[in-house]
$ cat work_11.txt   # compact mmCIF, C-alpha atoms
# COMPACT_ATOMS: atom_id res chain seq x y z
CA MET T 21 21.91 -4.85 10.20
CA ASP T 22 19.16 -3.22 12.28
CA TYR T 23 15.55 -4.21 11.93
CA LYS T 24 14.01 -0.80 12.51
CA TYR T 25 10.34 -1.74 12.64
CA ILE T 26 10.31 -2.73 16.31
CA THR T 27 10.71 0.28 18.60
CA LYS T 28 10.41 0.61 22.37
CA ASN T 29 6.64 0.62 21.97
CA ASN T 30 5.06 0.62 18.52
CA LEU T 31 1.70 1.55 20.05
CA GLU T 32 3.16 4.93 20.99
CA ASN T 33 5.54 5.19 18.03
CA LYS T 34 3.44 4.44 14.99
CA GLN T 35 5.45 2.62 12.35
CA ASN T 36 5.59 3.91 8.81
CA TYR T 37 6.24 1.09 6.39
CA MET T 38 6.02 3.25 3.25
CA TYR T 39 8.97 3.33 0.83
CA SER T 40 10.94 0.90 2.95
CA ASP T 41 14.56 0.37 1.91
CA TYR T 42 15.69 -2.74 0.11
CA ASN T 43 18.69 -4.45 1.71
CA GLY T 44 18.71 -7.94 0.24
CA LYS T 45 18.94 -11.10 2.27
CA ASP T 46 20.65 -9.32 5.18
CA PHE T 47 17.34 -7.69 5.97
CA LEU T 48 15.56 -11.03 6.08
CA TYR T 49 18.22 -12.38 8.44
CA ALA T 50 17.70 -9.36 10.69
CA TYR T 51 13.94 -9.94 10.63
CA ILE T 52 14.38 -13.63 11.52
CA GLU T 53 16.61 -12.69 14.41
CA THR T 54 13.90 -10.47 15.93
CA ARG T 55 11.55 -13.41 15.97
CA GLU T 56 14.00 -16.10 17.05
CA LYS T 57 15.21 -13.99 19.96
CA PHE T 58 11.72 -14.27 21.38
CA ILE T 59 10.75 -17.82 20.48
CA ASN T 60 13.95 -19.35 21.78
CA ILE T 61 12.61 -18.80 25.27
CA LYS T 62 9.97 -21.24 26.48
CA TYR T 63 6.86 -19.73 28.03
CA ASN T 64 4.47 -21.62 30.24
CA CYS T 65 1.02 -20.46 31.10
CA LEU T 66 -2.16 -21.68 32.67
CA TYR T 67 -4.44 -21.14 29.70
CA LYS T 68 -3.02 -23.25 26.92
CA ASP T 69 -6.63 -24.14 26.27
CA LEU T 70 -7.69 -21.64 23.65
CA ASN T 71 -11.34 -21.88 24.66
CA LYS T 72 -10.50 -20.78 28.20
CA TYR T 73 -8.31 -17.99 26.86
CA CYS T 74 -11.14 -16.76 24.67
CA LYS T 75 -13.61 -16.67 27.55
CA GLN T 76 -11.88 -13.74 29.25
CA GLU T 77 -13.94 -10.61 29.62
CA LEU T 78 -11.79 -7.96 28.11
CA GLY T 79 -14.24 -5.79 26.23
CA ASP T 80 -16.30 -5.91 23.08
CA THR T 81 -13.43 -6.16 20.60
CA PHE T 82 -11.88 -9.10 22.41
CA SER T 83 -15.23 -10.83 22.63
CA GLU T 84 -15.93 -10.41 18.93
CA LEU T 85 -12.46 -11.51 17.88
CA ALA T 86 -12.44 -14.40 20.35
CA GLN T 87 -15.75 -15.66 18.99
CA LEU T 88 -14.40 -15.48 15.44
CA LEU T 89 -11.30 -17.41 16.45
CA ILE T 90 -13.44 -20.13 17.98
CA ASN T 91 -15.56 -20.19 14.83
CA ILE T 92 -12.43 -20.69 12.72
CA GLU T 93 -11.14 -23.43 15.00
CA ASN T 94 -14.47 -25.24 14.94
CA ASN T 95 -15.17 -24.58 11.29
CA ASP T 96 -18.69 -23.56 12.22
CA LYS T 97 -18.95 -20.26 10.39
CA ASP T 98 -18.66 -19.56 6.69
CA ILE T 99 -15.08 -18.44 6.11
CA ASN T 100 -16.21 -15.64 3.80
CA GLU T 101 -18.34 -14.18 6.57
CA VAL T 102 -15.36 -14.29 8.91
CA CYS T 103 -13.23 -12.56 6.29
CA ILE T 104 -15.78 -9.78 5.83
CA ILE T 105 -15.56 -8.94 9.53
CA ILE T 106 -11.78 -9.35 9.80
CA ASP T 107 -11.22 -7.22 6.69
CA LYS T 108 -12.68 -4.28 8.64
CA TYR T 109 -10.24 -4.86 11.48
CA VAL T 110 -7.38 -5.23 9.01
CA LYS T 111 -8.23 -1.91 7.39
CA SER T 112 -8.55 -0.19 10.74
CA PHE T 113 -5.27 -1.59 12.07
CA GLU T 114 -3.39 -0.89 8.85
CA VAL T 115 -4.43 2.76 9.04
CA LYS T 116 -4.17 3.40 12.77
CA LYS T 117 -1.79 0.61 13.85
CA LEU T 118 -4.01 0.26 16.93
CA LEU T 119 -6.89 -1.91 18.06
CA PHE T 120 -9.44 -0.30 20.38
CA SER T 121 -11.39 -2.02 23.10
CA GLN T 122 -14.69 -0.82 21.70
CA TYR T 123 -15.98 0.55 18.43
CA LEU T 124 -19.24 2.30 17.65
CA GLN T 125 -21.70 -0.34 16.51
CA GLY T 126 -21.51 -1.07 12.81
CA THR T 127 -18.41 1.09 12.37
CA MET T 128 -14.68 0.98 13.03
CA LYS T 129 -14.74 4.31 14.86
CA SER T 130 -13.52 3.86 18.39
CA VAL T 131 -15.81 5.05 21.16
CA ASP T 132 -14.57 7.90 23.34
CA GLY T 133 -12.29 6.62 26.02
CA ALA T 134 -11.72 3.24 24.38
CA GLU T 135 -8.37 1.71 25.25
CA TYR T 136 -5.78 0.53 22.77
CA THR T 137 -3.57 -1.17 25.35
CA ILE T 138 -5.53 -4.38 25.78
CA TYR T 139 -2.72 -6.54 24.49
CA ASP T 140 -4.87 -9.63 24.23
CA ASN T 141 -6.72 -7.93 21.37
CA TYR T 142 -3.51 -7.89 19.34
CA ILE T 143 -2.73 -11.48 20.33
CA ILE T 144 -6.09 -12.80 19.29
CA PHE T 145 -6.09 -10.70 16.11
CA ALA T 146 -2.70 -12.15 15.17
CA LEU T 147 -3.94 -15.69 15.83
CA ILE T 148 -6.88 -15.08 13.53
CA LEU T 149 -4.73 -13.56 10.79
CA ILE T 150 -2.33 -16.51 10.86
CA LYS T 151 -5.19 -18.97 10.61
CA LEU T 152 -7.02 -17.02 7.92
CA TYR T 153 -3.87 -16.77 5.84
CA GLY T 154 -3.49 -20.52 6.15
CA LYS T 155 -7.02 -21.07 4.90
CA THR T 156 -7.25 -18.40 2.20
CA LYS T 157 -3.66 -17.55 1.23
CA ARG T 158 -4.73 -13.91 1.03
CA LEU T 159 -1.51 -11.92 1.32
CA LYS T 160 -3.22 -9.02 3.07
CA TYR T 161 -3.59 -11.20 6.18
CA LEU T 162 0.07 -12.17 6.17
CA ASN T 163 1.02 -8.56 5.60
CA CYS T 164 -1.07 -7.43 8.53
CA VAL T 165 0.13 -10.09 10.96
CA LEU T 166 3.75 -9.12 10.29
CA LYS T 167 2.89 -5.61 11.45
CA VAL T 168 0.85 -6.81 14.44
CA ASP T 169 3.79 -9.00 15.45
CA ASP T 170 6.23 -6.08 15.16
CA THR T 171 3.91 -4.27 17.58
CA LEU T 172 3.68 -7.20 19.99
CA LEU T 173 7.44 -7.68 19.98
CA SER T 174 7.89 -4.00 20.74
CA ILE T 175 5.95 -4.49 23.98
CA ASN T 176 6.93 -8.07 24.75
CA GLU T 177 8.56 -7.14 28.05
CA ILE T 178 5.24 -5.99 29.46
CA LEU T 179 3.21 -8.95 28.24
CA ASN T 180 2.12 -11.50 30.82
CA MET T 181 3.09 -15.17 30.58
CA GLN T 182 -0.09 -16.16 28.86
CA GLN T 183 0.31 -13.48 26.19
CA LYS T 184 3.96 -14.46 25.71
CA TYR T 185 2.94 -18.09 25.29
CA TYR T 186 0.52 -17.26 22.50
CA LEU T 187 2.94 -14.81 20.89
CA ASN T 188 5.45 -17.65 20.82
CA VAL T 189 2.88 -19.79 19.00
CA ILE T 190 2.12 -16.99 16.54
CA LEU T 191 5.74 -16.22 15.76
CA ASN T 192 6.64 -19.85 15.20
CA LYS T 193 3.86 -20.10 12.68
CA GLU T 194 4.76 -16.76 11.09
CA LEU T 195 8.35 -17.87 10.54
CA GLU T 196 7.20 -21.14 9.04
CA ILE T 197 4.91 -19.31 6.62
CA ILE T 198 7.53 -16.76 5.62
CA ASN T 199 10.15 -19.45 5.11
CA ASN T 200 7.78 -21.47 2.90
CA LEU T 201 6.84 -18.36 0.92
CA TYR T 202 10.48 -17.44 0.40
CA GLU T 203 11.36 -20.94 -0.74
CA GLU T 204 8.37 -21.03 -3.07
CA LYS T 205 9.15 -17.68 -4.67
CA ARG T 206 12.92 -17.47 -4.78
CA ARG T 207 14.81 -17.72 -8.04
CA MET Y 18 -0.51 17.07 -30.97
CA LEU Y 19 -1.76 19.63 -28.53
CA LEU Y 20 -4.19 18.14 -26.01
CA LYS Y 21 -6.35 21.24 -25.65
CA ASN Y 22 -8.69 19.73 -23.15
CA PHE Y 23 -6.00 18.29 -20.87
CA VAL Y 24 -4.02 19.73 -17.99
CA PHE Y 25 -1.14 17.89 -16.36
CA LEU Y 26 -1.17 18.38 -12.59
CA ALA Y 27 2.26 17.29 -11.42
CA ALA Y 28 4.12 16.69 -8.20
CA VAL Y 29 7.90 16.80 -8.27
CA THR Y 30 8.37 13.03 -8.46
CA THR Y 31 9.84 10.42 -10.78
CA ARG Y 32 6.29 9.50 -11.73
CA SER Y 33 5.72 12.97 -13.10
CA GLN Y 34 9.03 12.78 -14.93
CA ALA Y 35 7.97 9.50 -16.52
CA TYR Y 36 4.56 10.90 -17.50
CA ILE Y 37 5.76 14.10 -19.12
CA GLN Y 38 8.63 12.40 -20.92
CA ALA Y 39 6.29 9.71 -22.28
CA MET Y 40 3.81 12.33 -23.42
CA VAL Y 41 6.50 14.35 -25.18
CA LYS Y 42 7.96 11.22 -26.77
CA ASN Y 43 4.53 10.36 -28.17
CA ASN Y 44 3.85 13.95 -29.18
CA TYR Y 45 1.01 14.44 -26.73
CA ILE Y 46 1.42 17.94 -25.39
CA PRO Y 47 -0.86 18.96 -22.52
CA SER Y 48 -2.19 22.48 -22.89
CA LEU Y 49 -0.89 23.34 -19.45
CA CYS Y 50 1.25 21.79 -16.75
CA ILE Y 51 0.66 22.88 -13.16
CA ILE Y 52 3.53 21.96 -10.87
CA MET Y 53 2.59 21.52 -7.23
CA THR Y 54 5.46 22.54 -5.03
CA ASP Y 55 6.17 24.47 -1.86
CA ASN Y 56 9.77 24.91 -2.98
CA VAL Y 57 10.32 26.22 -6.49
CA GLU Y 58 14.08 25.60 -6.15
CA ASN Y 59 13.30 21.91 -5.88
CA VAL Y 60 11.71 21.71 -9.30
CA SER Y 61 14.98 21.88 -11.18
CA TYR Y 62 16.43 19.17 -9.03
CA ASN Y 63 16.67 15.83 -10.72
CA LEU Y 64 16.80 12.59 -8.91
CA LYS Y 65 20.24 11.42 -9.98
CA GLY Y 66 21.15 10.37 -6.50
CA LEU Y 67 18.52 7.69 -6.02
CA GLN Y 68 19.98 4.47 -4.78
CA ASN Y 69 19.91 1.14 -6.56
CA MET Y 70 19.28 2.62 -9.94
CA ASP Y 71 20.33 0.37 -12.76
CA SER Y 72 21.60 2.76 -15.40
CA THR Y 73 21.31 0.11 -18.08
CA TYR Y 74 17.55 0.59 -17.93
CA GLN Y 75 16.54 3.36 -20.30
CA LEU Y 76 12.88 3.45 -19.36
CA PHE Y 77 12.92 7.20 -18.99
CA ASN Y 78 15.57 9.76 -18.24
CA LEU Y 79 15.91 10.17 -14.49
CA ASN Y 80 18.52 12.83 -15.11
CA GLU Y 81 16.04 15.15 -16.82
CA SER Y 82 13.88 17.12 -14.39
CA ILE Y 83 10.25 17.94 -15.08
CA LEU Y 84 11.17 21.55 -15.64
CA GLU Y 85 13.81 20.66 -18.24
CA THR Y 86 11.31 18.55 -20.19
CA LEU Y 87 8.68 21.27 -20.09
CA GLN Y 88 11.09 23.99 -21.12
CA LYS Y 89 12.72 22.15 -23.98
CA SER Y 90 9.32 21.10 -25.34
CA ASN Y 91 7.85 24.61 -24.93
CA ILE Y 92 4.98 23.35 -22.81
CA ASN Y 93 3.07 26.02 -20.88
CA TYR Y 94 3.62 25.59 -17.20
CA GLU Y 95 3.08 27.35 -13.93
CA PHE Y 96 3.81 26.67 -10.29
CA ILE Y 97 1.29 26.44 -7.53
CA ASP Y 98 2.41 26.95 -3.97
CA SER Y 99 0.96 23.82 -2.42
CA ILE Y 100 1.64 20.10 -2.33
CA ASP Y 101 -1.82 19.29 -1.01
CA ILE Y 102 -4.33 18.49 -3.73
CA ASN Y 103 -7.14 19.35 -1.29
CA SER Y 104 -5.91 22.86 -0.52
CA ASP Y 105 -8.02 25.92 -1.26
CA ILE Y 106 -5.41 27.35 -3.60
CA ILE Y 107 -5.49 24.27 -5.81
CA LYS Y 108 -9.26 24.10 -5.64
CA ARG Y 109 -9.48 27.70 -6.89
CA LYS Y 110 -6.99 27.05 -9.65
CA LEU Y 111 -8.68 23.92 -10.94
CA SER Y 112 -12.18 25.36 -10.80
CA ASN Y 113 -11.06 28.24 -13.05
CA LEU Y 114 -9.63 25.94 -15.71
CA LYS Y 115 -11.43 25.63 -19.01
CA GLN Y 116 -9.98 22.17 -19.62
CA GLU Y 117 -12.05 19.16 -18.59
CA TYR Y 118 -9.41 16.47 -18.08
CA ILE Y 119 -6.71 16.58 -15.44
CA ILE Y 120 -3.90 14.07 -15.73
CA TYR Y 121 -3.11 13.65 -12.06
CA SER Y 122 0.34 12.84 -10.71
CA GLY Y 123 0.19 14.03 -7.12
CA TYR Y 124 2.16 13.46 -3.97
CA GLY Y 125 1.68 10.20 -2.10
CA GLY Y 126 -0.56 10.15 0.94
CA TYR Y 127 -3.12 12.65 -0.33
CA ILE Y 128 -6.55 11.31 -1.14
CA LEU Y 129 -8.85 13.56 -3.14
CA LYS Y 130 -11.64 15.03 -1.05
CA GLU Y 131 -15.23 15.33 -2.06
CA HIS Y 132 -15.14 18.97 -3.18
CA LEU Y 133 -12.84 18.06 -6.07
CA PHE Y 134 -15.48 15.72 -7.48
CA GLU Y 135 -18.10 18.46 -7.40
CA MET Y 136 -16.18 20.41 -10.02
CA ASP Y 137 -16.85 19.73 -13.64
CA LYS Y 138 -13.49 18.04 -14.07
CA LYS Y 139 -12.34 14.47 -14.55
CA PHE Y 140 -9.13 13.32 -12.89
CA ILE Y 141 -7.22 10.69 -14.83
CA HIS Y 142 -5.16 8.54 -12.52
CA ILE Y 143 -2.94 5.60 -13.41
CA HIS Y 144 -3.02 2.99 -10.66
CA ALA Y 145 -0.03 0.61 -10.47
CA GLY Y 146 -2.08 -2.55 -10.42
CA ILE Y 147 -4.73 -4.35 -12.46
CA LEU Y 148 -8.14 -3.34 -11.10
CA PRO Y 149 -10.15 -4.42 -9.30
CA GLN Y 150 -7.91 -7.30 -8.24
CA TYR Y 151 -5.14 -5.06 -6.92
CA ARG Y 152 -6.66 -2.03 -5.24
CA GLY Y 153 -4.78 -0.09 -2.61
CA SER Y 154 -1.15 0.52 -1.95
CA THR Y 155 2.17 -0.95 -3.13
CA THR Y 156 0.22 -3.32 -5.34
CA ALA Y 157 3.15 -3.92 -7.70
CA TYR Y 158 4.82 -6.10 -5.07
CA TYR Y 159 1.70 -8.06 -4.30
CA SER Y 160 1.11 -8.84 -7.98
CA ILE Y 161 4.73 -9.93 -8.37
CA LEU Y 162 4.27 -12.30 -5.42
CA LYS Y 163 0.94 -13.64 -6.57
CA GLU Y 164 1.27 -13.76 -10.32
CA ARG Y 165 4.80 -12.79 -11.30
CA MET Y 166 3.58 -9.87 -13.28
CA LEU Y 167 2.81 -6.21 -12.86
CA GLY Y 168 0.05 -4.11 -14.32
CA ALA Y 169 -1.38 -0.64 -14.39
CA THR Y 170 -4.88 0.69 -14.89
CA ALA Y 171 -6.08 4.09 -16.03
CA ILE Y 172 -9.18 5.25 -14.19
CA PHE Y 173 -11.19 8.34 -13.51
CA LEU Y 174 -10.78 9.09 -9.85
CA SER Y 175 -13.89 8.78 -7.72
CA LYS Y 176 -14.75 9.08 -4.04
CA GLY Y 177 -13.96 5.43 -3.41
CA ILE Y 178 -10.25 4.63 -3.44
CA ASP Y 179 -9.31 2.85 -6.68
CA GLU Y 180 -12.98 2.28 -7.47
CA GLY Y 181 -13.32 4.64 -10.42
CA ASP Y 182 -14.41 3.73 -13.94
CA ILE Y 183 -11.72 2.00 -15.95
CA ILE Y 184 -10.37 3.58 -19.14
CA THR Y 185 -7.80 0.93 -19.96
CA SER Y 186 -5.19 -1.35 -18.44
CA LYS Y 187 -2.11 -3.30 -19.38
CA GLU Y 188 0.09 -6.04 -17.96
CA PHE Y 189 3.86 -5.87 -17.94
CA PRO Y 190 6.63 -8.40 -17.43
CA ILE Y 191 8.51 -8.41 -14.16
CA PRO Y 192 11.69 -6.35 -14.28
CA ASN Y 193 15.25 -7.42 -13.66
CA LYS Y 194 16.06 -7.55 -9.94
CA ASN Y 195 18.41 -4.59 -10.29
CA CYS Y 196 15.65 -2.35 -11.53
CA ASN Y 197 14.22 -0.12 -8.83
CA ILE Y 198 10.49 -0.70 -8.77
CA ASP Y 199 9.37 2.25 -6.62
CA TYR Y 200 11.18 5.02 -8.47
CA LEU Y 201 11.77 3.61 -11.95
CA TYR Y 202 9.72 0.64 -13.15
CA GLU Y 203 6.42 1.51 -11.55
CA PRO Y 204 6.44 5.12 -12.85
CA TYR Y 205 7.38 3.75 -16.25
CA ILE Y 206 4.50 1.27 -16.49
CA ARG Y 207 2.07 3.94 -15.32
CA SER Y 208 3.34 6.26 -18.05
CA GLN Y 209 2.82 3.59 -20.70
CA VAL Y 210 -0.78 3.07 -19.65
CA LEU Y 211 -1.30 6.84 -19.67
CA ILE Y 212 -0.18 6.89 -23.28
CA LYS Y 213 -2.47 3.97 -24.08
CA ALA Y 214 -5.38 5.87 -22.52
CA ILE Y 215 -4.62 8.98 -24.58
CA ASP Y 216 -4.20 6.86 -27.74
CA LEU Y 217 -7.70 5.46 -27.20
CA TYR Y 218 -9.12 8.92 -26.56
CA ILE Y 219 -7.68 10.19 -29.83
CA LYS Y 220 -8.90 7.14 -31.74
CA ASP Y 221 -12.43 7.16 -30.30
CA GLY Y 222 -12.88 10.89 -29.82
CA GLU Y 223 -13.88 10.28 -26.24
CA PHE Y 224 -13.03 8.10 -23.27
CA ILE Y 225 -14.95 4.82 -23.35
CA ILE Y 226 -15.15 3.57 -19.80
CA ASN Y 227 -16.15 0.44 -17.94
CA GLN Y 228 -17.43 0.16 -14.40
CA GLN Y 229 -15.40 -2.06 -12.15
CA ASN Y 230 -16.74 -5.51 -11.41
CA CYS Y 231 -16.32 -5.80 -7.67
CA ILE Y 232 -16.48 -9.56 -7.38
CA ASP Y 233 -12.73 -10.04 -7.58
CA ALA Y 234 -11.85 -6.83 -5.79
CA GLU Y 235 -9.11 -6.94 -3.16
CA THR Y 236 -7.65 -3.97 -1.33
CA TYR Y 237 -4.03 -4.11 -0.23
CA PHE Y 238 -2.21 -1.99 2.32
CA ILE Y 239 1.36 -0.78 2.45
CA ILE Y 240 3.49 -3.86 2.00
CA HIS Y 241 5.54 -5.03 4.96
CA PRO Y 242 9.28 -4.86 4.19
CA VAL Y 243 9.61 -8.64 4.66
CA LEU Y 244 7.12 -9.31 1.87
CA LYS Y 245 8.67 -6.56 -0.22
CA HIS Y 246 12.05 -8.26 0.09
CA ILE Y 247 10.65 -11.67 -0.82
CA SER Y 248 8.98 -10.08 -3.82
CA ILE Y 249 12.20 -8.44 -5.05
CA LEU Y 250 14.29 -11.54 -4.32
CA SER Y 251 11.90 -13.55 -6.46
CA LEU Y 252 12.84 -11.54 -9.56
$ encode --input "work_11.txt" --output "structure tokens"
Amino acid sequence: MDYKYITKNNLENKQNYMYSDYNGKDFLYAYIETREKFINIKYNCLYKDLNKYCKQELGDTFSELAQLLINIENNDKDINEVCIIIDKYVKSFEVKKLLFSQYLQGTMKSVDGAEYTIYDNYIIFALILIKLYGKTKRLKYLNCVLKVDDTLLSINEILNMQQKYYLNVILNKELEIINNLYEEKRR
Amino acid sequence: MLLKNFVFLAAVTTRSQAYIQAMVKNNYIPSLCIIMTDNVENVSYNLKGLQNMDSTYQLFNLNESILETLQKSNINYEFIDSIDINSDIIKRKLSNLKQEYIIYSGYGGYILKEHLFEMDKKFIHIHAGILPQYRGSTTAYYSILKERMLGATAIFLSKGIDEGDIITSKEFPIPNKNCNIDYLYEPYIRSQVLIKAIDLYIKDGEFIINQQNCIDAETYFIIHPVLKHISILSL
């Protein structure tokens, strides 16, 4: 069975998840295969240190998200405050299926000329969503990271080694979460 | 009972079928039904061919089109050549209505724009989730995953999505796994809460509403198919 939510490039071919078909367990096997195909390859990179990864200068969005990720890792910011900020990114991504390099201050309107092809933004967003789901169990974060990961897998061939390394980390965790959820809920 | 002050604004969907059949069954006859369609031929079409329908469920009659229900119950109806609730043609039509309440069953993906709230009308919408805990989209699946139950809430539509004043709500048991949620169970539970809302209106002579308490509010977005599958497989 085909898993049709990963195209050649989801950033250019916006996915519509509305009224998705139901195909039983076969669909879940197809989904798992899309993830395992990627994580079965080992990726090495220079920046396995998350702090170094987060120090890259890749624009305002990356800086804000990177700081939030560090805050989560260090437990040095109230989780509710983190959620308030991330909820805005979740809403924006869920609607547009894109993350822009810069937004107008205090809004989620992208500035003119802002790029949506800074792939590290999607990587770091996915890392945050995985961690926030772990801490809060809010399904909207899990829902969003599944879509972000579909997007990242659609462009995985043009990711660099460092991005592939972190995507590997994210997908491993995503599969673990989904498996646990399935086991918990199945009848 | 003729609901003189109510108009049913209907898209050609199973939700509209569920609503009008429930109203007729409970003898609540809207004074007018306006069918939004850009294809009048389509209105007679019933949705027999929908996949995964469990015919043992008799929640409402999928084989009876909206038009058939309206005609056999002698309900006044007319067509309007638009599927967009925000179009000028619909705006003109609604603003000329004498009735105050509009039971709204529109097409998915259309959010009411501000000009519709400037009219002296109240749009009754049945959201498929208990509010404010399950705002947003595809909330039936999220509530199955979180609490193994579904719910629906009748509200007056407002500018904020799913933030309107609450008329009433009700919880429902989870369906059998063979029951299609999108096209059968969810429209059914919405129709039952619509009837409950009308029952209360008749009993009280008015709608008694409550503002939403936003403390527990959560907004959900279109469910990813993986979570949808886990939700259905949990039934």
$ residues_around --input "work_11.txt" --residues "segment 90-92 of chain T" --least-positions-apart "4" --cutoff "10 Å" --atoms "all atoms listed in the file" --output "JSON list (two decimals) with C-alpha atoms, keeping the file's coordinate frame"
[["chain", "number", "residue", "atom", "x", "y", "z"],
["T", 70, "LEU", "CA", -7.69, -21.64, 23.65],
["T", 71, "ASN", "CA", -11.34, -21.88, 24.66],
["T", 74, "CYS", "CA", -11.14, -16.76, 24.67],
["T", 85, "LEU", "CA", -12.46, -11.51, 17.88],
["T", 86, "ALA", "CA", -12.44, -14.40, 20.35],
["T", 96, "ASP", "CA", -18.69, -23.56, 12.22],
["T", 97, "LYS", "CA", -18.95, -20.26, 10.39],
["T", 98, "ASP", "CA", -18.66, -19.56, 6.69],
["T", 99, "ILE", "CA", -15.08, -18.44, 6.11],
["T", 102, "VAL", "CA", -15.36, -14.29, 8.91],
["T", 148, "ILE", "CA", -6.88, -15.08, 13.53],
["T", 151, "LYS", "CA", -5.19, -18.97, 10.61],
["T", 152, "LEU", "CA", -7.02, -17.02, 7.92],
["T", 155, "LYS", "CA", -7.02, -21.07, 4.90]]
$ interface_residues --input "work_11.txt" --of "chain Y" --to "chain T" --cutoff "12 Å" --atoms "only C-alpha atoms" --output "VMD selection string"
chain Y and resid 67 to 70 125 to 126 150 to 156 158 to 165 193 to 200 235 to 252
$ write_last_selection --input "work_11.txt" --atoms "C-alpha atoms" --output "short mmCIF file (atom, residue, chain, number, x, y, z; two decimals), in the coordinates of the input"
data_model
loop_
_atom_site.label_atom_id
_atom_site.label_comp_id
_atom_site.auth_asym_id
_atom_site.auth_seq_id
_atom_site.Cartn_x
_atom_site.Cartn_y
_atom_site.Cartn_z
CA LEU Y 67 18.52 7.69 -6.02
CA GLN Y 68 19.98 4.47 -4.78
CA ASN Y 69 19.91 1.14 -6.56
CA MET Y 70 19.28 2.62 -9.94
CA GLY Y 125 1.68 10.20 -2.10
CA GLY Y 126 -0.56 10.15 0.94
CA GLN Y 150 -7.91 -7.30 -8.24
CA TYR Y 151 -5.14 -5.06 -6.92
CA ARG Y 152 -6.66 -2.03 -5.24
CA GLY Y 153 -4.78 -0.09 -2.61
CA SER Y 154 -1.15 0.52 -1.95
CA THR Y 155 2.17 -0.95 -3.13
CA THR Y 156 0.22 -3.32 -5.34
CA TYR Y 158 4.82 -6.10 -5.07
CA TYR Y 159 1.70 -8.06 -4.30
CA SER Y 160 1.11 -8.84 -7.98
CA ILE Y 161 4.73 -9.93 -8.37
CA LEU Y 162 4.27 -12.30 -5.42
CA LYS Y 163 0.94 -13.64 -6.57
CA GLU Y 164 1.27 -13.76 -10.32
CA ARG Y 165 4.80 -12.79 -11.30
CA ASN Y 193 15.25 -7.42 -13.66
CA LYS Y 194 16.06 -7.55 -9.94
CA ASN Y 195 18.41 -4.59 -10.29
CA CYS Y 196 15.65 -2.35 -11.53
CA ASN Y 197 14.22 -0.12 -8.83
CA ILE Y 198 10.49 -0.70 -8.77
CA ASP Y 199 9.37 2.25 -6.62
CA TYR Y 200 11.18 5.02 -8.47
CA GLU Y 235 -9.11 -6.94 -3.16
CA THR Y 236 -7.65 -3.97 -1.33
CA TYR Y 237 -4.03 -4.11 -0.23
CA PHE Y 238 -2.21 -1.99 2.32
CA ILE Y 239 1.36 -0.78 2.45
CA ILE Y 240 3.49 -3.86 2.00
CA HIS Y 241 5.54 -5.03 4.96
CA PRO Y 242 9.28 -4.86 4.19
CA VAL Y 243 9.61 -8.64 4.66
CA LEU Y 244 7.12 -9.31 1.87
CA LYS Y 245 8.67 -6.56 -0.22
CA HIS Y 246 12.05 -8.26 0.09
CA ILE Y 247 10.65 -11.67 -0.82
CA SER Y 248 8.98 -10.08 -3.82
CA ILE Y 249 12.20 -8.44 -5.05
CA LEU Y 250 14.29 -11.54 -4.32
CA SER Y 251 11.90 -13.55 -6.46
CA LEU Y 252 12.84 -11.54 -9.56
#
$ residues_near_point --input "work_11.txt" --point "(23.4, -5.4, 8.9)" --cutoff "8 Å" --atoms "all atoms listed in the file" --output "VMD selection string"
chain T and resid 21 to 22 46 to 47 50
$ residues_around --input "work_11.txt" --residues "Ile59 of chain T" --least-positions-apart "3" --cutoff "9 Å" --atoms "all atoms listed in the file" --output "ChimeraX atom specification"
/T:55-56,62-63,187-189,191-192
$ residues_around --input "work_11.txt" --residues "Glu135 of chain Y" --least-positions-apart "5" --cutoff "12 Å" --atoms "all atoms listed in the file" --output "PyMOL selection string"
chain Y and resi 108+111-112+129-130+140+175-176
$ closest_residue --input "work_11.txt" --among "Y:Leu49, Y:Leu76, Y:Ala28, Y:Glu58" --to "Ile100 of chain Y" --atoms "all atoms listed in the file"
Y:Ala28
